[in-house]
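Chemist: Dropping a structure here in C-alpha cells format, bear with me for questions.
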Protein chains: 2
Amino acid sequence: MSTAKRLSAPVPPGGMIGILGGGQLGRMLALAAARLGLKAHVFSPERDAPAFQVAAACSHAAFDDKAALAKFAQACDVVTFEFENVPSETVDHIAASKPVYPSAATLRITQDRFAEKSFVAALGLKTSPFAKIDTREEVYAAFERISGPAVLKTRRMGYDGKGQAKVCTAEEAMRAFETFDSAPCILEGFVDFACEASVVASRAADGSFAAYDPPENIHEHHILRRSIVPSRLDAGQIDEAKAIAGKIAGALDYVGVLAVELFVTRNGALLVNETAPRVHNSGHWTLEACVTSQFEQHIRAVAGWPLGDPSRHCDAVMENIIGAEAAEWRAFAARDGALHLYGKSEIRPGRKMGHFTRLLPRGGAR
Amino acid sequence: MSTAKRLSAPVPPGGMIGILGGGQLGRMLALAAARLGLKAHVFSPERDAPAFQVAAACSHAAFDDKAALAKFAQACDVVTFEFENVPSETVDHIAASKPVYPSAATLRITQDRFAEKSFVAALGLKTSPFAKIDTREEVYAAFERISGPAVLKTRRMGYDGKGQAKVCTAEEAMRAFETFDSAPCILEGFVDFACEASVVASRAADGSFAAYDPPENIHEHHILRRSIVPSRLDAGQIDEAKAIAGKIAGALDYVGVLAVELFVTRNGALLVNETAPRVHNSGHWTLEACVTSQFEQHIRAVAGWPLGDPSRHCDAVMENIIGAEAAEWRAFAARDGALHLYGKSEIRPGRKMGHFTRLLPRGGAR
C-alpha cells in the first residue's frame with residue numbers, strides 16, 4: 001500500500017508493540033518483546049485470550065471495531081499480527097496511522113491461496129500444479145488440468161487442514177466444492193512427497209535476511225505433530241530452501257518472520273506448499289536451540305532492530321501437545337526438555353495446548 | 001513457622017503464582033511462569049514496577065497494607081518473593097492463609113547477616129571469621145577477635161555493597177559503625193580470595209535437589225559485572241560447592257531457588273560469603289545455557305512441580321548492563337548473544353538495566 005506508514009526509527013526499549021491476535025503465537029511474541037524491554041499491547045476478540053496474561057496492555061474488542069482499533073493504534077509504536085487471517089480491512093485501518101508489519105499488501109496475497117501460489121510460481125519457484133475454481137463449471141476443467149489425485153482447498157481462511165479435501169475423481173471434487181458452499185477454491189495436484197519441511201526466516205526493512213535451519217515436519221490429522229532439526233535435507237537442499245524463503249521475502253518487501261512450507265519430492269525437488277506471513281509452529285524449537293528465537297526475531301524485525309543470530313547450537317525435536325494430551329502436564333513436566341503451555345483454559349480436541357522441545361547435542365537428533 | 005500453610009498438591013496450569021516484588025527478578029519469574037501456563041500476580045509498592053508489564057494481575061500497594069496483602073493472597077495459589085528484604089511480617093501475614101516459599105523462617109535467618117553466618121557455621125561449613133556488633137563497646141572487641149583487615153556490614157537490608165565498609169583499624173571500624181547510625185552490624189574478616197563463585201541451586205518440598213554449575217563472578221564497585229561458566233573451579237571444588245548449597249538448603253527445609261556466594265581462597269578452600277533465598281543475578285546465564293532456567297526452576301519448586309534438568313549445554317558469559325550502559329541498547333542488539341532489558345523507564349547510576357549473555361560451545365568460555 002502506498003499510503004502505509006513506515007517506521008522511521010527503531011522502537012526504543014519501553015516502546016509498545018501492538019499484536020493483533022491473542023493466541024499462543026501472540027503470547028510468545030509478547031514474551032519475546034518483554035525480553036528486549038519492549039511492551040506488548042494485545043488486541044483480541046477473545047475474552048480469555050492467552051496473550052492477555054503476559055501483555056502490558058490489552059484490548060478486548062472485535063476486529064471490525066474501528067473505535068477500539070483507533071485507540072489501540074494510538075497506543076502502539078508499531079503493529080504486527082499473530083495470524084494471517086486477521087481481516088485485511090483491520091490492517092488497512094491501522095496502517096493508515098501506524099506502521100504495520102508484515103504489510104497489508106502481503107496479507108492480501110497470503111490470505112488467498114490462489115494469489116499466493118500464483119505469486120510464488122511467478123517468481124520461478126516450483127509448486128504442485130494448481131488451478132482456481134470459482135464456479136461449478138470450473139471444477140471439471142480444473143480436475144482435468146491437474147489430472148490425478150488432488151486436494152481441493154478453499155482459497156481463504158483455511159488452517160490445520162480445515163477447508164481441505166483430498167479428491168481422486170472429478171465427482172469427488174464437485175462434492176467437496178459443494179461441501180465448501182461453492183466458496184472460491186483452488187485445486188492442487190496431490191504431491192506424494194518424501195517428507196515435509198519448512199523454512200522459518202526473517203527479513204528486516206533494510207533487506208537483511210536470516211533463515212533458521214529448515215526442520216522436517218510430521219503432520220497427523222493435518223495438524224503439526226513434530227518438527228525435527230536437522231531435517232533429512234542435504235546441504236544443497238538446505239541452501240535451496242533458505243534461498244526460496246529469501247526470494248519470497250524479497251519479492252514481498254517483507255518485514256518480519258515468515259514461514260515457507262515445503263514438500264520434498266522423492267526425487268529431491270523442493271515444492272512450495274504455502275507461505276505463512278508470521279511466526280510458525282514449526283519454528284518453536286528456536287526458543288531453546290537458538291540464541292534468537294523466531295519470536296524475538298520477529299519483534300526485532302518489526303521494531304526496526306537488527307536481526308539476531310539464527311544459528312543453532314543444539315539439535316531439537318519439538319512435539320505439539322494437542323487437546324487432551326495437555327491433561328498429562330505432570331508427565332511432560334517430569335521429562336527432560338522444555339515444556340511450554342499456552343495458558344488456554346479449555347481443552348478441546350485438536351486444540352494446540354502447548355509444546356515440548358527436547359534438545360540434543362548437535363548431530364544427536366538423527 | 002508451625003502455622004505456615006504448605007502446598008497440598010501441585011499448582012495446575014492456569015494457577016496463580018504470587019510474586020512479592022516487581023523488579024527484574026520478579027519480571028523474569030513471571031515470564032518463566034507463563035512458559036509453564038501459570039499466571040503471575042505481582043505485588044509491588046513501585047507504581048512502575050517492571051514485572052507489572054508481564055503479569056496477569058498486579059497489586060500496587062505497600063508491603064504493610066494488610067488489606068491489599070489479604071486480597072493478593074486470596075487471588076494466589078502459592079506466593080513467593082523476588083528479594084530477601086521483603087518484610088518478614090509481610091510474609092507472615094500471607095503465610096497464615098496461603099503457602100509461601102521460601103518460608104518466613106528462612107527469611108528470618110537470611111535477613112540477618114549474623115544469624116545467617118551463624119547458621120552456616122553451625123552446619124560445619126567454612127566462612128570468614130565474623131563477630132556481631134550491637135554496641136560501640138563491641139566494636140573494639142570484635143576487631144581484636146577478627147584481627148587484621150575486615151569488612152563492617154549492617155546486619156540487615158544490605159545489597160550491592162550498600163551498608164558495607166572495609167576497615168583496617170579499630171578506629172576505622174568505629175567510624176564506619178557510626179556512619180551506619182550504630183545499626184546492628186557484623187564484622188567479617190577480609191578474605192583475600194583467588195576468585196568469587198556462586199552456586200545457584202533449587203530444592204523441592206520433597207527434598208529433591210538440583211544445582212547448576214557454579215559460575216565465577218567478577219564484581220566492580222560491589223555490583224556483579226560478569227558471570228562466567230565454567231568457572232576456574234576444578235571438578236572436586238564444583239562438587240563441594242554444590243554440596244554446600246545442598247547442605248544449606250536441606251537444613252532450611254528450603255523450597256525454591258537459592259544462591260550461595262562463595263569466596264575461593266588462594267589455597268582452594270570454599271568459604272560461604274552469603275546466601276540469597278531467591279533467584280540470583282549470577283544465574284541469569286541459565287536462561288540460554290540450560291534447558292531449565294533458574295527462573296523456571298524456582299517456579300517449578302514453589303508450584304510443587306518436579307525440578308527441571310539443570311545441566312548446561314553451552315558455556316556462557318553473562319555481563320550486566322548497568323546504568324548509562326543501557327543507552328547503548330542498539331550496540332548490544334547488534335552483538336551476537338542474548339540481550340535482556342528489564343523494562344525500567346529510568347536510567348540511574350548503578351541500576352541494573354539489563355544483561356547480555358554470550359553462548360559458547362562447551363569448552364569455549366575459557
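Labeling convention for the C-alpha cells: chains A, B, ... as they appear, residues from 1 per chain, ligands from 1 in order of appearance.
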Compile the residues of chain A that lie within 8 Å of chain B, evaluated using only C-alpha atoms, and express the compilation as JSON, numbers by chain.
Modeler: {"A": [13, 14, 31, 34, 35, 36, 37, 38, 39, 52, 53, 54, 55, 56, 57, 288, 291, 292, 305, 306, 307, 308, 309, 313, 329, 330, 333, 334, 336, 337, 338, 339, 340, 341, 342, 343, 344, 345, 359, 361]}
Chemist: Mind checking which residues fall within 10 Å of Gln237 in chain B, counting only C-alpha atoms, ignoring those fewer than 4 positions away in the same chain, and posting them as a PDB file with C-alpha atoms, in the first residue's frame?
Modeler:
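Done, and the output landed in part-v7.pdb:
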ATOM      1  CA  PRO B 214      28.853 -22.705  39.688  1.00  0.00           C
ATOM      2  CA  ARG B 232      38.024 -21.864  37.375  1.00  0.00           C
ATOM      3  CA  LEU B 233      36.847 -24.384  39.995  1.00  0.00           C
ATOM      4  CA  ALA B 241      30.222 -26.094  46.015  1.00  0.00           C
ATOM      5  CA  LYS B 242      27.063 -27.983  45.076  1.00  0.00           C
ATOM      6  CA  ALA B 243      27.254 -29.978  48.310  1.00  0.00           C
ATOM      7  CA  VAL B 264      37.584 -19.289  46.697  1.00  0.00           C
ATOM      8  CA  GLY B 268      41.466 -23.611  47.201  1.00  0.00           C
ATOM      9  CA  ALA B 269      39.088 -23.554  50.167  1.00  0.00           C
ATOM     10  CA  LEU B 270      35.468 -22.532  49.600  1.00  0.00           C
TER      11      LEU B 270
END
Chemist: Please report the interatomic distance between CA of Ile248 in chain A and CA of Phe263 in chain A in Å with one decimal.
Modeler: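 Between these atoms lies a distance of 16.1 Å.
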Chemist: Fewer than 4 positions away in the same chain doesn't count, so skip those; otherwise give me all residues within 10 Å of range 223-227 of chain A, counting only C-alpha atoms, as a PyMOL selection string.
Modeler: chain A and resi 159-162+196-198+214-219+231+281-285+316-322+350-352+355-357
Chemist: Generate the output file for the selected residues, N, CA and C atoms, as an mmCIF file, in the first residue's frame.
Modeler:
data_model
loop_
_atom_site.group_PDB
_atom_site.id
_atom_site.type_symbol
_atom_site.label_atom_id
_atom_site.label_comp_id
_atom_site.auth_asym_id
_atom_site.auth_seq_id
_atom_site.Cartn_x
_atom_site.Cartn_y
_atom_site.Cartn_z
ATOM 1 N N TYR A 159 -6.885 -23.425 7.823
ATOM 2 C CA TYR A 159 -5.690 -23.709 8.625
ATOM 3 C C TYR A 159 -5.864 -25.089 9.242
ATOM 4 N N ASP A 160 -4.755 -25.721 9.596
ATOM 5 C CA ASP A 160 -4.778 -27.044 10.222
ATOM 6 C C ASP A 160 -5.717 -28.005 9.482
ATOM 7 N N GLY A 161 -5.723 -27.965 8.151
ATOM 8 C CA GLY A 161 -6.496 -28.926 7.372
ATOM 9 C C GLY A 161 -7.963 -28.576 7.229
ATOM 10 N N LYS A 162 -8.388 -27.466 7.860
ATOM 11 C CA LYS A 162 -9.791 -27.069 7.713
ATOM 12 C C LYS A 162 -9.981 -26.493 6.305
ATOM 13 N N GLU A 196 8.025 -33.556 4.520
ATOM 14 C CA GLU A 196 7.681 -32.135 4.550
ATOM 15 C C GLU A 196 8.729 -31.392 5.368
ATOM 16 N N ALA A 197 9.027 -30.204 4.939
ATOM 17 C CA ALA A 197 9.967 -29.363 5.675
ATOM 18 C C ALA A 197 9.435 -27.939 5.659
ATOM 19 N N SER A 198 10.099 -27.057 6.361
ATOM 20 C CA SER A 198 9.706 -25.647 6.310
ATOM 21 C C SER A 198 10.941 -24.796 6.559
ATOM 22 N N PRO A 214 16.116 -25.436 8.209
ATOM 23 C CA PRO A 214 14.760 -25.952 7.985
ATOM 24 C C PRO A 214 14.505 -27.241 8.765
ATOM 25 N N PRO A 215 13.451 -27.271 9.566
ATOM 26 C CA PRO A 215 13.081 -28.517 10.234
ATOM 27 C C PRO A 215 12.304 -29.425 9.297
ATOM 28 N N GLU A 216 12.320 -30.693 9.613
ATOM 29 C CA GLU A 216 11.420 -31.641 8.967
ATOM 30 C C GLU A 216 10.155 -31.700 9.812
ATOM 31 N N ASN A 217 9.010 -31.696 9.152
ATOM 32 C CA ASN A 217 7.746 -31.626 9.872
ATOM 33 C C ASN A 217 6.907 -32.863 9.631
ATOM 34 N N ILE A 218 6.359 -33.395 10.694
ATOM 35 C CA ILE A 218 5.463 -34.538 10.579
ATOM 36 C C ILE A 218 4.077 -34.104 11.043
ATOM 37 N N HIS A 219 3.119 -34.267 10.149
ATOM 38 C CA HIS A 219 1.735 -33.904 10.458
ATOM 39 C C HIS A 219 0.918 -35.156 10.778
ATOM 40 N N SER A 231 16.771 -31.613 9.595
ATOM 41 C CA SER A 231 15.887 -32.409 8.752
ATOM 42 C C SER A 231 16.718 -33.400 7.952
ATOM 43 N N ASN A 281 4.464 -22.564 13.874
ATOM 44 C CA ASN A 281 4.571 -23.705 14.787
ATOM 45 C C ASN A 281 5.855 -24.511 14.551
ATOM 46 N N SER A 282 6.285 -24.615 13.311
ATOM 47 C CA SER A 282 7.482 -25.414 13.019
ATOM 48 C C SER A 282 8.772 -24.694 13.405
ATOM 49 N N GLY A 283 8.646 -23.486 13.970
ATOM 50 C CA GLY A 283 9.813 -22.741 14.434
ATOM 51 C C GLY A 283 9.912 -22.651 15.945
ATOM 52 N N HIS A 284 9.039 -23.358 16.662
ATOM 53 C CA HIS A 284 9.032 -23.224 18.126
ATOM 54 C C HIS A 284 10.326 -23.730 18.764
ATOM 55 N N TRP A 285 10.986 -24.672 18.132
ATOM 56 C CA TRP A 285 12.236 -25.211 18.676
ATOM 57 C C TRP A 285 13.327 -24.143 18.770
ATOM 58 N N ALA A 316 17.228 -30.459 17.843
ATOM 59 C CA ALA A 316 15.995 -30.351 18.622
ATOM 60 C C ALA A 316 14.871 -31.163 18.000
ATOM 61 N N VAL A 317 14.005 -31.648 18.875
ATOM 62 C CA VAL A 317 12.769 -32.293 18.440
ATOM 63 C C VAL A 317 11.634 -31.621 19.198
ATOM 64 N N MET A 318 10.745 -30.965 18.447
ATOM 65 C CA MET A 318 9.599 -30.275 19.041
ATOM 66 C C MET A 318 8.350 -31.104 18.801
ATOM 67 N N GLU A 319 7.595 -31.356 19.847
ATOM 68 C CA GLU A 319 6.325 -32.087 19.747
ATOM 69 C C GLU A 319 5.206 -31.170 20.200
ATOM 70 N N ASN A 320 4.139 -31.112 19.447
ATOM 71 C CA ASN A 320 2.980 -30.376 19.927
ATOM 72 C C ASN A 320 2.239 -31.164 21.005
ATOM 73 N N ILE A 321 1.642 -30.430 21.918
ATOM 74 C CA ILE A 321 0.752 -31.023 22.925
ATOM 75 C C ILE A 321 -0.652 -30.611 22.520
ATOM 76 N N ILE A 322 -1.434 -31.583 22.107
ATOM 77 C CA ILE A 322 -2.692 -31.310 21.430
ATOM 78 C C ILE A 322 -3.871 -31.859 22.235
ATOM 79 N N GLY A 350 -8.010 -31.397 19.216
ATOM 80 C CA GLY A 350 -7.295 -30.751 18.129
ATOM 81 C C GLY A 350 -6.715 -29.395 18.482
ATOM 82 N N ARG A 351 -7.015 -28.892 19.673
ATOM 83 C CA ARG A 351 -6.515 -27.569 20.055
ATOM 84 C C ARG A 351 -5.050 -27.668 20.487
ATOM 85 N N LYS A 352 -4.241 -26.753 19.987
ATOM 86 C CA LYS A 352 -2.835 -26.729 20.394
ATOM 87 C C LYS A 352 -2.731 -26.127 21.795
ATOM 88 N N HIS A 355 3.640 -27.131 23.762
ATOM 89 C CA HIS A 355 4.603 -27.951 23.024
ATOM 90 C C HIS A 355 5.766 -28.307 23.934
ATOM 91 N N PHE A 356 6.510 -29.279 23.492
ATOM 92 C CA PHE A 356 7.611 -29.796 24.304
ATOM 93 C C PHE A 356 8.818 -29.983 23.395
ATOM 94 N N THR A 357 9.939 -29.397 23.786
ATOM 95 C CA THR A 357 11.139 -29.486 22.947
ATOM 96 C C THR A 357 12.255 -30.209 23.688
#
Chemist: Any chance you could list, as a VMD selection string, the residues in range 74-190 of chain A that come up strand (DSSP E) when DSSP is run on the backbone?
Modeler: chain A and resid 78 to 81 130 to 133 150 to 154 164 to 167 185 to 189
Chemist: To one decimal place, how far is CA of Pro230 in chain A from CA of Ala201 in chain A in Å?
Modeler: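 Straight-line distance from CA of Pro230 in chain A to CA of Ala201 in chain A works out to 15.5 Å.
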Chemist: I'd like the contact shell of range 93-95 of chain A - 12 Å cut-off, only C-alpha atoms, skipping same-chain residues fewer than 5 positions apart - returned as a PyMOL selection string.
Modeler: chain A and resi 1-7+18-20+43+63-81+86-88+100-105
Chemist: Excluding range 169-172 of chain B and residues on its chain fewer than 5 positions from it, collect all residues at most 10 Å away from it, counting only C-alpha atoms, and give them as JSON, numbers by chain.
Modeler: {"B": [139, 140, 141, 142, 143, 144, 147, 148, 149, 150, 152, 177, 178]}
Chemist: With C-alpha atoms retained, could you export that selection as a CSV table (one decimal), in the first residue's frame?
Modeler:
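What ended up in again29.csv:
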chain,number,residue,atom,x,y,z
B,139,VAL,CA,33.5,-2.7,68.1
B,140,TYR,CA,36.9,-2.9,69.7
B,141,ALA,CA,36.4,-6.4,71.0
B,142,ALA,CA,35.2,-7.6,67.6
B,143,PHE,CA,38.1,-6.0,65.8
B,144,GLU,CA,40.5,-7.6,68.1
B,147,SER,CA,42.4,-9.2,63.8
B,148,GLY,CA,43.6,-7.7,60.5
B,149,PRO,CA,41.6,-6.1,57.7
B,150,ALA,CA,37.9,-6.6,57.9
B,152,LEU,CA,31.9,-4.0,58.6
B,177,PHE,CA,29.8,1.8,62.8
B,178,GLU,CA,28.9,5.4,63.4
Chemist: Interatomic distance between CA of Lys166 in chain B and CA of Arg266 in chain B?
Modeler: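 About the pair CA of Lys166 in chain B and CA of Arg266 in chain B: they are 19.9 Å apart.
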Chemist: Pick the closest to Leu29 in chain A from A:Ile17, A:Ser118, A:Asp315, A:Thr135: which is it, counting only C-alpha atoms?
Modeler: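 Smallest separation from Leu29 in chain A among the options: A:Ile17.
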Chemist: If you run DSSP on the backbone, which residues of range 157-263 of chain A are alpha helix (DSSP H), as an MDAnalysis selection string?
Modeler: chainID A and resid 170:179 235:251
Chemist: Using only C-alpha atoms, which protein or nucleic acid residues come within 10 Å of Pro349 in chain A? Drop anything in the same chain fewer than 5 positions from it, and give the result as a PyMOL selection string.
Modeler: chain A and resi 322-325
Chemist: Would you mind exporting C-alpha atoms of the selected residues as a PDB file, in the first residue's frame?
Modeler:
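Output (result00.pdb):
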ATOM      1  CA  ILE A 322      -2.692 -31.310  21.430  1.00  0.00           C
ATOM      2  CA  GLY A 323      -6.118 -31.457  23.026  1.00  0.00           C
ATOM      3  CA  ALA A 324      -6.447 -33.931  25.873  1.00  0.00           C
ATOM      4  CA  GLU A 325      -2.693 -34.560  25.905  1.00  0.00           C
TER       5      GLU A 325
END
Chemist: Near Val260 in chain A, within 7 Å and counting only C-alpha atoms, which residues show up once chain neighbours fewer than 2 positions away are dropped, as a PyMOL selection string?
Modeler: chain A and resi 198-200+245+258+262+272+274-276
Chemist: From the list B:Gly250, B:Leu123, B:His221, B:Val229, which residue is nearest Ala165 in chain B when using only C-alpha atoms?
Modeler: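 Nearest candidate to Ala165 in chain B out of B:Gly250, B:Leu123, B:His221, B:Val229: B:His221.
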